[in-house]
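Next comes data.csv, a file with CSV, C-alpha atoms.
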```
chain,number,residue,atom,x,y,z
A,1,MET,CA,76.3,37.7,29.3
A,2,ILE,CA,76.5,40.8,27.2
A,3,ARG,CA,75.2,44.0,28.6
A,4,ALA,CA,75.4,47.0,26.2
A,5,LEU,CA,73.4,50.2,27.0
A,6,VAL,CA,73.1,53.9,26.7
A,7,GLN,CA,71.8,55.8,29.7
A,8,ARG,CA,71.2,59.3,30.9
A,9,ALA,CA,71.5,58.4,34.6
A,10,ALA,CA,74.9,58.3,36.4
A,11,ILE,CA,76.8,55.0,35.8
A,12,ASP,CA,77.0,53.1,39.1
A,13,VAL,CA,80.4,51.4,38.6
A,14,THR,CA,80.2,49.4,41.8
A,15,ALA,CA,76.7,48.0,41.1
A,16,GLU,CA,77.7,47.3,37.5
A,17,LEU,CA,80.8,45.4,38.6
A,18,ASP,CA,78.8,43.3,41.0
A,19,LEU,CA,76.3,42.5,38.2
A,20,HIS,CA,79.1,41.7,35.8
A,21,ASP,CA,80.9,39.6,38.4
A,22,ALA,CA,78.0,37.3,39.3
A,23,GLY,CA,79.2,33.8,38.9
A,24,GLY,CA,82.9,34.8,38.9
A,25,HIS,CA,85.4,35.0,36.1
A,26,GLY,CA,89.0,34.0,35.7
A,27,ALA,CA,90.1,37.4,34.5
A,28,SER,CA,88.3,40.7,34.3
A,29,ALA,CA,89.6,43.9,32.6
A,30,SER,CA,88.0,47.3,33.1
A,31,PHE,CA,88.1,50.7,31.6
A,32,ILE,CA,86.4,53.7,33.2
A,33,GLY,CA,86.4,56.9,31.2
A,34,ARG,CA,85.6,60.1,33.2
A,35,VAL,CA,84.9,63.7,32.1
A,36,ARG,CA,88.2,65.7,32.4
A,37,GLY,CA,87.9,69.2,33.9
A,38,GLU,CA,90.5,70.7,31.6
A,39,GLY,CA,90.4,74.4,30.6
A,40,ASP,CA,87.5,75.4,32.9
A,41,LEU,CA,85.1,72.9,31.4
A,42,ALA,CA,81.7,73.4,33.0
A,43,GLU,CA,79.6,70.8,31.2
A,44,LEU,CA,80.1,68.0,28.7
A,45,PHE,CA,77.0,67.1,26.8
A,46,LEU,CA,76.7,63.8,24.8
A,47,ASP,CA,74.3,63.8,21.9
A,48,HIS,CA,73.2,60.4,20.6
A,49,HIS,CA,70.8,58.7,18.2
A,50,PRO,CA,67.7,57.2,19.9
A,51,VAL,CA,68.1,53.8,18.3
A,52,MET,CA,71.4,53.6,16.5
A,53,THR,CA,73.7,54.5,19.4
A,54,GLU,CA,72.6,51.6,21.6
A,55,ALA,CA,72.5,49.3,18.6
A,56,GLY,CA,76.1,50.3,17.8
A,57,LEU,CA,77.2,49.4,21.3
A,58,ALA,CA,75.5,46.0,21.0
A,59,ASP,CA,77.2,45.4,17.6
A,60,LEU,CA,80.6,46.2,19.1
A,61,ALA,CA,80.0,44.0,22.1
A,62,HIS,CA,79.0,41.1,19.8
A,63,ALA,CA,82.0,41.7,17.5
A,64,ALA,CA,84.3,41.4,20.6
A,65,ALA,CA,82.5,38.3,21.8
A,66,ASP,CA,83.0,36.7,18.3
A,67,ARG,CA,86.7,37.6,18.4
A,68,TRP,CA,87.7,36.6,21.9
A,69,ARG,CA,86.6,33.9,24.3
A,70,LEU,CA,84.6,36.1,26.8
A,71,SER,CA,82.5,35.0,29.7
A,72,ALA,CA,80.9,38.4,30.3
A,73,LEU,CA,80.9,41.9,28.7
A,74,THR,CA,79.5,45.2,30.0
A,75,LEU,CA,79.6,48.3,27.8
A,76,ILE,CA,77.7,51.3,29.1
A,77,HIS,CA,77.9,54.8,27.7
A,78,ARG,CA,76.3,57.8,29.4
A,79,VAL,CA,74.5,60.5,27.3
A,80,GLY,CA,73.2,63.9,28.1
A,81,ALA,CA,74.7,66.5,30.4
A,82,MET,CA,77.7,65.7,32.6
A,83,VAL,CA,80.2,67.6,34.8
A,84,PRO,CA,83.9,67.0,35.3
A,85,GLY,CA,84.5,63.8,37.3
A,86,ASP,CA,81.4,62.0,36.1
A,87,THR,CA,81.8,58.6,34.6
A,88,ILE,CA,81.1,58.8,30.8
A,89,VAL,CA,81.9,55.2,29.8
A,90,LEU,CA,82.4,51.8,31.5
A,91,VAL,CA,83.9,48.8,29.8
A,92,LEU,CA,84.1,45.4,31.7
A,93,ALA,CA,85.4,42.4,29.8
A,94,SER,CA,85.9,39.0,31.4
A,95,SER,CA,87.4,35.8,30.2
A,96,PRO,CA,89.0,32.7,31.6
A,97,HIS,CA,92.4,34.3,30.6
A,98,ARG,CA,93.8,37.8,31.1
A,99,ALA,CA,95.1,38.3,27.6
A,100,GLU,CA,91.7,38.0,26.0
A,101,ALA,CA,90.0,40.1,28.7
A,102,LEU,CA,92.6,42.9,28.2
A,103,ALA,CA,92.5,42.8,24.4
A,104,ALA,CA,88.7,42.9,24.3
A,105,CYS,CA,88.6,45.9,26.7
A,106,GLU,CA,91.1,47.8,24.6
A,107,TYR,CA,89.3,46.9,21.3
A,108,LEU,CA,86.0,48.1,22.7
A,109,ILE,CA,87.3,51.5,23.9
A,110,ASP,CA,89.2,52.1,20.6
A,111,ARG,CA,86.2,51.2,18.4
A,112,LEU,CA,83.8,53.2,20.6
A,113,LYS,CA,85.5,56.4,19.5
A,114,THR,CA,85.0,55.8,15.8
A,115,ASP,CA,82.0,53.4,15.3
A,116,VAL,CA,79.2,54.5,17.7
A,117,MET,CA,76.9,57.5,17.1
A,118,LEU,CA,77.9,59.8,20.0
A,119,TRP,CA,78.9,63.4,19.8
A,120,LYS,CA,80.6,65.5,22.6
A,121,ARG,CA,79.8,69.2,23.1
A,122,GLU,CA,81.8,71.2,25.7
A,123,THR,CA,80.6,74.3,27.5
A,124,PHE,CA,83.2,76.3,29.4
A,125,ALA,CA,82.9,78.5,32.5
A,126,ASP,CA,83.1,81.6,30.3
A,127,GLY,CA,80.1,80.5,28.3
A,128,ARG,CA,82.1,79.3,25.2
A,129,VAL,CA,80.5,76.2,23.6
A,130,GLN,CA,82.2,73.9,21.1
A,131,TRP,CA,81.6,70.5,19.6
A,132,VAL,CA,84.6,68.2,20.0
A,133,GLU,CA,86.4,67.3,16.7
A,134,GLN,CA,87.3,63.7,15.9
A,135,ARG,CA,91.1,63.1,16.2
A,136,GLU,CA,93.2,61.4,13.6
A,137,GLY,CA,94.8,59.3,16.4
A,138,ASP,CA,91.3,57.8,17.2
A,139,HIS,CA,91.1,56.4,13.7
A,140,SER,CA,94.6,55.0,13.7
A,141,ARG,CA,94.0,53.3,17.0
A,142,ALA,CA,90.6,51.9,15.9
A,143,GLY,CA,92.1,50.8,12.5
A,144,ARG,CA,94.8,48.7,14.2
A,145,TRP,CA,92.1,46.1,14.9
A,146,ASP,CA,91.4,45.6,11.2
A,147,GLN,CA,94.8,44.2,10.5
A,148,ALA,CA,95.2,42.3,13.7
B,1,MET,CA,59.5,61.1,-2.7
B,2,ALA,CA,58.8,61.9,1.0
B,3,LEU,CA,61.9,61.3,3.2
B,4,HIS,CA,62.4,61.6,6.9
B,5,ILE,CA,65.7,63.3,7.7
B,6,ALA,CA,67.2,63.5,11.2
B,7,TYR,CA,70.1,65.7,12.1
B,8,PHE,CA,72.6,65.4,15.0
B,9,ALA,CA,75.2,67.4,16.9
B,10,TRP,CA,76.3,70.6,15.1
B,11,VAL,CA,74.4,69.6,12.0
B,12,ARG,CA,71.2,69.8,14.0
B,13,GLU,CA,72.2,73.1,15.5
B,14,ARG,CA,72.9,74.7,12.2
B,15,MET,CA,69.8,73.3,10.6
B,16,GLY,CA,67.7,74.6,13.5
B,17,VAL,CA,65.6,71.4,13.6
B,18,ALA,CA,66.2,67.9,14.9
B,19,GLU,CA,64.2,66.2,12.1
B,20,GLU,CA,61.9,67.0,9.2
B,21,VAL,CA,60.0,65.2,6.5
B,22,VAL,CA,60.9,66.6,3.0
B,23,GLU,CA,59.6,66.0,-0.4
B,24,ILE,CA,62.7,65.5,-2.5
B,25,PRO,CA,62.9,65.7,-6.3
B,26,ALA,CA,63.1,62.5,-8.2
B,27,SER,CA,66.6,63.6,-9.5
B,28,ILE,CA,68.0,63.2,-5.9
B,29,THR,CA,69.0,59.5,-6.0
B,30,HIS,CA,71.9,59.2,-3.5
B,31,VAL,CA,73.1,60.5,-0.2
B,32,GLY,CA,75.7,62.9,-1.7
B,33,ALA,CA,73.1,64.5,-3.9
B,34,LEU,CA,70.7,64.9,-1.0
B,35,ILE,CA,73.4,66.7,1.0
B,36,ALA,CA,74.1,69.0,-2.0
B,37,TRP,CA,70.4,69.6,-2.4
B,38,LEU,CA,70.0,70.6,1.3
B,39,ALA,CA,73.0,72.9,1.1
B,40,ALA,CA,71.4,74.7,-1.9
B,41,ARG,CA,67.9,74.8,-0.4
B,42,ASP,CA,68.2,77.5,2.3
B,43,ALA,CA,70.6,79.4,4.5
B,44,GLN,CA,70.5,76.8,7.3
B,45,GLY,CA,71.4,74.1,4.8
B,46,ALA,CA,74.2,76.1,3.4
B,47,LEU,CA,75.6,76.6,6.9
B,48,ALA,CA,75.3,72.9,7.9
B,49,PHE,CA,76.6,71.4,4.7
B,50,THR,CA,79.2,73.9,3.6
B,51,GLU,CA,81.9,71.1,4.0
B,52,PRO,CA,80.2,67.9,2.7
B,53,GLN,CA,83.3,65.9,3.4
B,54,ARG,CA,82.7,66.4,7.1
B,55,ILE,CA,79.2,64.9,6.9
B,56,ARG,CA,78.5,61.2,7.7
B,57,ALA,CA,75.2,59.5,6.9
B,58,ALA,CA,73.1,56.5,8.0
B,59,VAL,CA,70.2,55.2,5.8
B,60,ASP,CA,67.5,53.3,7.7
B,61,GLY,CA,69.9,52.7,10.6
B,62,VAL,CA,73.0,51.7,8.6
B,63,MET,CA,76.1,53.8,8.1
B,64,MET,CA,76.5,54.6,4.4
B,65,GLY,CA,78.8,56.6,2.2
B,66,PRO,CA,77.8,59.5,-0.1
B,67,ASP,CA,77.2,57.1,-3.1
B,68,ALA,CA,74.5,55.1,-1.2
B,69,PRO,CA,71.2,55.0,-3.1
B,70,LEU,CA,68.0,56.6,-1.6
B,71,SER,CA,65.5,54.4,-3.4
B,72,GLY,CA,63.3,52.8,-0.9
B,73,ALA,CA,64.9,54.7,2.0
B,74,ARG,CA,62.6,55.9,4.8
B,75,GLU,CA,65.0,57.7,7.1
B,76,VAL,CA,68.3,59.4,6.5
B,77,ALA,CA,70.4,60.6,9.4
B,78,LEU,CA,73.1,63.3,8.7
B,79,PHE,CA,75.8,64.1,11.3
B,80,PRO,CA,79.4,64.9,11.9
B,81,PRO,CA,82.2,62.3,12.6
B,82,VAL,CA,81.5,60.7,15.9
B,83,THR,CA,83.3,61.7,19.1
B,84,GLY,CA,82.2,59.2,21.8
B,85,GLY,CA,84.3,57.2,24.3
```
Could you take the file, read its structure, and then write that structure out as structure tokens?
Amino acid sequence: MIRALVQRAAIDVTAELDLHDAGGHGASASFIGRVRGEGDLAELFLDHHPVMTEAGLADLAHAAADRWRLSALTLIHRVGAMVPGDTIVLVLASSPHRAEALAACEYLIDRLKTDVMLWKRETFADGRVQWVEQREGDHSRAGRWDQA
Amino acid sequence: MALHIAYFAWVRERMGVAEEVVEIPASITHVGALIAWLAARDAQGALAFTEPQRIRAAVDGVMMGPDAPLSGAREVALFPPVTGG
């Protein structure tokens, strides 16, 4: 079962894990990304494309399912306004074996940073606003999977 | 040719609109030329597209490079490098 979606509402990690787990899996790997409260961050806003963002998540999920033997995959990215501590992204990857679950989870989080139409804007307590710049490290991490 | 253009993140803020339908000259045949044409069109375009190497594009829902042709295209999205995750 592949579940890939974009949502404005808070991500309910417990409910998603229950849904993902239905039926039981040999090995499940998870990644939970949260909004960091560094430098007096007041709000993190995620801009997205109404069609292409969710399609991009689904493409990534299917690419992972083609590459590893997975029994279930959940890939959920939140969009809109968030505050420090909020869950911004949830990746759950399950397989009969741990190596494939862990690899798929890492692949998805690396590729998410370079392949999917999402843009972060930070607003700080003093009113400063800035769009986050893509980091070179994100590309080198995502690129590793091309050679592997 | 009438083309629907959508802008995202700081490109949208600098353009001052989220999307528009523009009549582009027949000489504008690929994505890179469209970006240069928008940069020359008005002050907003100049601000948004001052560094074309920082602009990414999607044509009808597919990520494309600056050489991608516009013939037959209905919608072009222009945006900065993505920063999700």
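Counting all atoms listed in the file and comparing A:Ala42, A:Val35, A:Ala104, A:Met1, the residue that lies closest to chain B is A:Val35.
In terms of minimum interatomic distance to chain B, A:Val51 ranks closest within A:Val51, A:Leu92, A:Val6, A:Ala22, counting only C-alpha atoms.
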Wanna dump the chain A-chain B contacts at 9 Å for me, each residue with its shortest atom pair and the distance in Å to one decimal, counting only C-alpha atoms, ordered by chain and number, as JSON lines?
```
{"residue": "A:Gly33", "atom": "CA", "partner": "B:Gly85", "partner_atom": "CA", "distance": 7.2}
{"residue": "A:Leu46", "atom": "CA", "partner": "B:Gly84", "partner_atom": "CA", "distance": 7.8}
{"residue": "A:Asp47", "atom": "CA", "partner": "B:Ala9", "partner_atom": "CA", "distance": 6.2}
{"residue": "A:His48", "atom": "CA", "partner": "B:Phe8", "partner_atom": "CA", "distance": 7.5}
{"residue": "A:His49", "atom": "CA", "partner": "B:Phe8", "partner_atom": "CA", "distance": 7.6}
{"residue": "A:Val51", "atom": "CA", "partner": "B:Gly61", "partner_atom": "CA", "distance": 8.0}
{"residue": "A:Met52", "atom": "CA", "partner": "B:Gly61", "partner_atom": "CA", "distance": 6.2}
{"residue": "A:His77", "atom": "CA", "partner": "B:Gly85", "partner_atom": "CA", "distance": 7.6}
{"residue": "A:Ile88", "atom": "CA", "partner": "B:Gly85", "partner_atom": "CA", "distance": 7.4}
{"residue": "A:Val89", "atom": "CA", "partner": "B:Gly85", "partner_atom": "CA", "distance": 6.3}
{"residue": "A:Ile109", "atom": "CA", "partner": "B:Gly85", "partner_atom": "CA", "distance": 6.5}
{"residue": "A:Asp110", "atom": "CA", "partner": "B:Gly85", "partner_atom": "CA", "distance": 8.0}
{"residue": "A:Arg111", "atom": "CA", "partner": "B:Gly85", "partner_atom": "CA", "distance": 8.6}
{"residue": "A:Leu112", "atom": "CA", "partner": "B:Gly85", "partner_atom": "CA", "distance": 5.5}
{"residue": "A:Lys113", "atom": "CA", "partner": "B:Gly84", "partner_atom": "CA", "distance": 4.9}
{"residue": "A:Thr114", "atom": "CA", "partner": "B:Val82", "partner_atom": "CA", "distance": 6.0}
{"residue": "A:Asp115", "atom": "CA", "partner": "B:Val82", "partner_atom": "CA", "distance": 7.3}
{"residue": "A:Val116", "atom": "CA", "partner": "B:Val82", "partner_atom": "CA", "distance": 6.9}
{"residue": "A:Met117", "atom": "CA", "partner": "B:Val82", "partner_atom": "CA", "distance": 5.7}
{"residue": "A:Leu118", "atom": "CA", "partner": "B:Gly84", "partner_atom": "CA", "distance": 4.7}
{"residue": "A:Trp119", "atom": "CA", "partner": "B:Thr83", "partner_atom": "CA", "distance": 4.8}
{"residue": "A:Lys120", "atom": "CA", "partner": "B:Thr83", "partner_atom": "CA", "distance": 5.8}
{"residue": "A:Arg121", "atom": "CA", "partner": "B:Ala9", "partner_atom": "CA", "distance": 7.9}
{"residue": "A:Trp131", "atom": "CA", "partner": "B:Trp10", "partner_atom": "CA", "distance": 7.0}
{"residue": "A:Val132", "atom": "CA", "partner": "B:Thr83", "partner_atom": "CA", "distance": 6.7}
{"residue": "A:Glu133", "atom": "CA", "partner": "B:Thr83", "partner_atom": "CA", "distance": 6.8}
{"residue": "A:Gln134", "atom": "CA", "partner": "B:Thr83", "partner_atom": "CA", "distance": 5.5}
{"residue": "A:Arg135", "atom": "CA", "partner": "B:Thr83", "partner_atom": "CA", "distance": 8.4}
```
Taking (92.5, 40.5, 30.1) as a centre in this file's frame and 10 Å as the limit, can you find every polymer residue with an atom that close, using all atoms listed in the file, and give them as a PyMOL selection string?
chain A and resi 26-30+70+92-106
Can I get the selected residues back with C-alpha atoms, as a compact mmCIF listing (two decimals), in the coordinates of the input?
```txt
# COMPACT_ATOMS: atom_id res chain seq x y z
CA GLY A 26 89.00 34.00 35.70
CA ALA A 27 90.10 37.40 34.50
CA SER A 28 88.30 40.70 34.30
CA ALA A 29 89.60 43.90 32.60
CA SER A 30 88.00 47.30 33.10
CA LEU A 70 84.60 36.10 26.80
CA LEU A 92 84.10 45.40 31.70
CA ALA A 93 85.40 42.40 29.80
CA SER A 94 85.90 39.00 31.40
CA SER A 95 87.40 35.80 30.20
CA PRO A 96 89.00 32.70 31.60
CA HIS A 97 92.40 34.30 30.60
CA ARG A 98 93.80 37.80 31.10
CA ALA A 99 95.10 38.30 27.60
CA GLU A 100 91.70 38.00 26.00
CA ALA A 101 90.00 40.10 28.70
CA LEU A 102 92.60 42.90 28.20
CA ALA A 103 92.50 42.80 24.40
CA ALA A 104 88.70 42.90 24.30
CA CYS A 105 88.60 45.90 26.70
CA GLU A 106 91.10 47.80 24.60
```
List as a ChimeraX atom specification: which residues have an atom within 12 Å of (82.1, 71.1, 38.8), counting all atoms listed in the file?
/A:35-38,40-44,82-86,123-125
For Arg74 (chain B), work out the shell of residues within 7 Å, counting only C-alpha atoms and skipping chain neighbours fewer than 2 positions away, then give it as a VMD selection string.
chain B and resid 3 to 4 60 72 76
Taking into account all atoms listed in the file, which residue in the set A:Arg128, A:Ile2, A:Thr74, A:Val91 is nearest to His62 (chain A)?
A:Ile2
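The residue that comes closest to Leu78 (chain B), out of B:Phe49, B:Ile55, B:Leu34, B:Ala43 and on the basis of only C-alpha atoms, is B:Ile55.
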Figure out the distance between CA of Ile11 (chain A) and CA of Leu75 (chain A), please, to one decimal in Å.
10.8 Å
re CA of Val17 (chain B) and CA of Ile35 (chain B): distance 15.5 Å
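Straight-line separation from CA of Ile32 (chain A) to CA of Thr87 (chain A): 6.9 Å.
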Near Leu5 (chain A), within 10 Å and counting only C-alpha atoms, which residues show up once chain neighbours fewer than 6 positions away are dropped, as a short mmCIF file (atom, residue, chain, number, x, y, z; two decimals) with C-alpha atoms, in the frame of the given file?
```cif
data_model
loop_
_atom_site.label_atom_id
_atom_site.label_comp_id
_atom_site.auth_asym_id
_atom_site.auth_seq_id
_atom_site.Cartn_x
_atom_site.Cartn_y
_atom_site.Cartn_z
CA THR A 53 73.70 54.50 19.40
CA GLU A 54 72.60 51.60 21.60
CA ALA A 55 72.50 49.30 18.60
CA GLY A 56 76.10 50.30 17.80
CA LEU A 57 77.20 49.40 21.30
CA ALA A 58 75.50 46.00 21.00
CA THR A 74 79.50 45.20 30.00
CA LEU A 75 79.60 48.30 27.80
CA ILE A 76 77.70 51.30 29.10
CA HIS A 77 77.90 54.80 27.70
CA ARG A 78 76.30 57.80 29.40
#
```
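In this comparison, which uses all atoms listed in the file, the residue of B:Asp67, B:Ala40, B:Gly32, B:Glu75 approaching Glu20 (chain B) most closely is B:Glu75.
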